[in-house]
Amino acid sequence: MEEKTKVRITVAVTSLIGIAYFFLCAVPLPRQLVLKPRWDNAVPDSYPYAAGSSAPVNSLHSFQIGERYGFFDGNSGLVFAATRGYGVSVSDSGYVAWEMKPGLLQFKDPRGVVLFTSPASGYPFMDGARRFVIAANQERISEFDASGALLWERDFPSFVTAFASNAAITVIGTMDGRLFGIDRSGKEILSFAPGGSRIDCVYGCAVSPDGRNIAATTGLDKQRVIVLEKREEAYRVTWHRWTDSDFRRPVSMAFTPDGKELVFETTGGLGVYDTATRRERVISMQDPVVSSAAITGRDMLLALERGGRPSIVAASYGGLGYFRFPLVADDSTLVSEGNAIFLGIAKGDSTSLLRLDFVEE
C-alpha cells in the first residue's frame with residue numbers, strides 16, 4: 001500500500017511539473033510564411049479608366065504584359081487597360097504610345113489625359129516620373145518636363161546601349177564602352193571608360209535611389225561588373241569582378257529600393273552585391289533573371305526567370321533558396337509593395353493580374 005501511495009505521488013508530481021513546463025517554458029512553433037491570393041483580374045483588350053474612380057493617380061502601379069498595358073490599384077485591382085500598337089512605354093506616372101509612322105508624341109497620365117504633345121522624332125520612353133525621347137539614330141537623348149518643355153538634350157559619341165535613372169541622375173552606357181552621368185540640368189557629372197576588355201560596350205547599368213552608387217556590366221572577352229561610389233564630387237570605382245558571362249544583349253541589373261544591394265544577372269544565377277560590406281553572393285538560378293523585386297522588412301528577394309518555362313524564385317539575400325514556382329505563361333511581370341506581390345501573366349490570348357500577400361500562419 002505504501003509503495004502504491006509513493007507511485008501515485010510520483011505520478012502526480014511529474015504531471016504537475018509537466019503542466020507547469022507547458023505553461024511556463026514551452027517554446028511556440030515558428031509561424032510559417034505563406035502566399036495568399038487577394039484578388040485576380042482578367043485584363044481585357046480595352047478597359048477605360050472609370051470616371052469617379054476612388055484610386056488617385058499617384059497610388060496606381062503600371063504594367064505591361066504581352067500586348068496589353070495599363071494601371072492597377074494595389075487594393076482594388078485593374079483600373080485601366082489597353083492594347084499596344086507599334087510601341088508603348090509605361091511607368092507609374094503615365095504612358096506614351098506610338099505608331100510605326102513618325103508623328104506627334106502624346107505623353108499621357110494614368111487616366112489617359114494628354115499631358116503634352118511633342119513633335120520630337122524618335123522613340124519615347126518613361127522612366128519613373130521622367131520622360132525621355134531617344135533619337136532614331138540612338139545617339140541623342142532628350143528629356144521633357146510634365147508640360148512638354150525641353151529640359152536637356154545630349155548627343156553621344158556612339159549608340160546608346162544601356163540606360164538608368166533616378167530622381168536626380170541619368171546614367172547612360174554606349175556601344176564604345178563609356179559611362180555618362182547627366183544631372184537634371186543636363187550637366188555632365190560622370191564620363192568614364194572602364195576598358196580592360198577586347199571589345200568595349202556597356203550592356204547594362206543601374207543607379208541607386210540616392211545616387212551614391214552607379215553600376216554597370218561592361219565589355220566582351222572579358223566581361224565584368226563594376227560599381228562606382230560617389231566620393232565628394234567625383235565617382236570612383238570601389239568594386240569590380242571579372243565574370244564568366246558572355247552576354248551580348250541588355251543585362252538586367254538594379255539596386256534595391258533601400259540602395260543597400262545591387263542585384264544583377266551573372267553566370268548561373270543572380271549576383272547580389274552588398275554596398276556596405278562590398279561583398280558579393282550568388283543565388284543559384286537555372287536561367288538569367290529578367291526582373292527582381294524586394295519584399296519590404298524581410299530578408300527576401302523575389303525574381304523572375306526566363307527560359308522555356310518562366311518561374312518565380314524566392315531567396316534570401318544571403319543566397320538561401322526559399323522556393324521556385326513555375327508559371328504557365330508566354331510573358332510575365334513582377335512588382336512588389338510592402339508584403340504584397342503583383343504578378344502579371346500572359347498566355348495565348350489571355351492576360352491576368354494577381355495580388356498575392358505574404359502572411360504568417
# chains A, B, ... in the order shown; residues from 1 in each chain; ligands from 1
call {"tool": "residues_around", "arguments": {"residues": "region 220-232 of chain A", "least_positions_apart": "5", "cutoff": "7 Å", "atoms": "only C-alpha atoms", "output": "JSON, numbers by chain"}}
result
{"A": [197, 198, 199, 200, 212, 213, 214, 215, 237, 238, 239, 240, 241, 242, 243, 245, 246]}
call {"tool": "closest_atom_pairs", "arguments": {"of": "region 249-283 of chain A", "to": "region 170-187 of chain A", "cutoff": "12 Å", "atoms": "only C-alpha atoms", "output": "tab-separated table"}}
result
residue	atom	partner	partner_atom	distance
A:Arg249	CA	A:Met175	CA	11.5
A:Pro250	CA	A:Gly173	CA	10.8
A:Val251	CA	A:Gly173	CA	11.8
call {"tool": "write_last_selection", "arguments": {"atoms": "N, CA and C atoms", "output": "compact mmCIF listing (two decimals), in the first residue's frame"}}
result
# COMPACT_ATOMS: atom_id res chain seq x y z
N ARG A 249 23.59 41.01 -75.07
CA ARG A 249 22.24 41.58 -75.06
C ARG A 249 22.13 42.46 -73.81
N PRO A 250 21.04 43.25 -73.70
CA PRO A 250 20.87 44.05 -72.47
C PRO A 250 20.85 43.16 -71.23
N VAL A 251 21.59 43.57 -70.20
CA VAL A 251 21.72 42.81 -68.95
C VAL A 251 20.89 43.49 -67.87
call {"tool": "residues_around", "arguments": {"residues": "region 142-156 of chain A", "least_positions_apart": "4", "cutoff": "8 Å", "atoms": "only C-alpha atoms", "output": "CSV table (one decimal) with C-alpha atoms, in the first residue's frame"}}
result
chain,number,residue,atom,x,y,z
A,115,LEU,CA,-0.1,65.9,-70.5
A,116,PHE,CA,1.6,67.3,-73.6
A,117,THR,CA,2.2,66.7,-77.3
A,118,SER,CA,5.8,66.7,-78.6
A,130,ARG,CA,10.7,61.3,-66.1
A,131,ARG,CA,10.0,61.5,-69.8
A,132,PHE,CA,12.6,60.9,-72.5
A,133,VAL,CA,13.0,60.6,-76.2
A,134,ILE,CA,15.9,58.7,-77.9
A,160,VAL,CA,23.2,54.2,-76.5
A,174,THR,CA,27.3,53.4,-75.0
A,184,ARG,CA,18.6,67.2,-64.2
A,185,SER,CA,20.0,70.4,-65.8
A,186,GLY,CA,21.9,68.4,-68.5
call {"tool": "select_by_dssp", "arguments": {"residues": "region 47-166 of chain A", "states": "strand (DSSP E or B)", "output": "PyMOL selection string"}}
result
chain A and resi 47+60-65+68-73+77-83+87-91+94-98+105-108+114-118+123-127+130-134+140-144+150-155+160-165
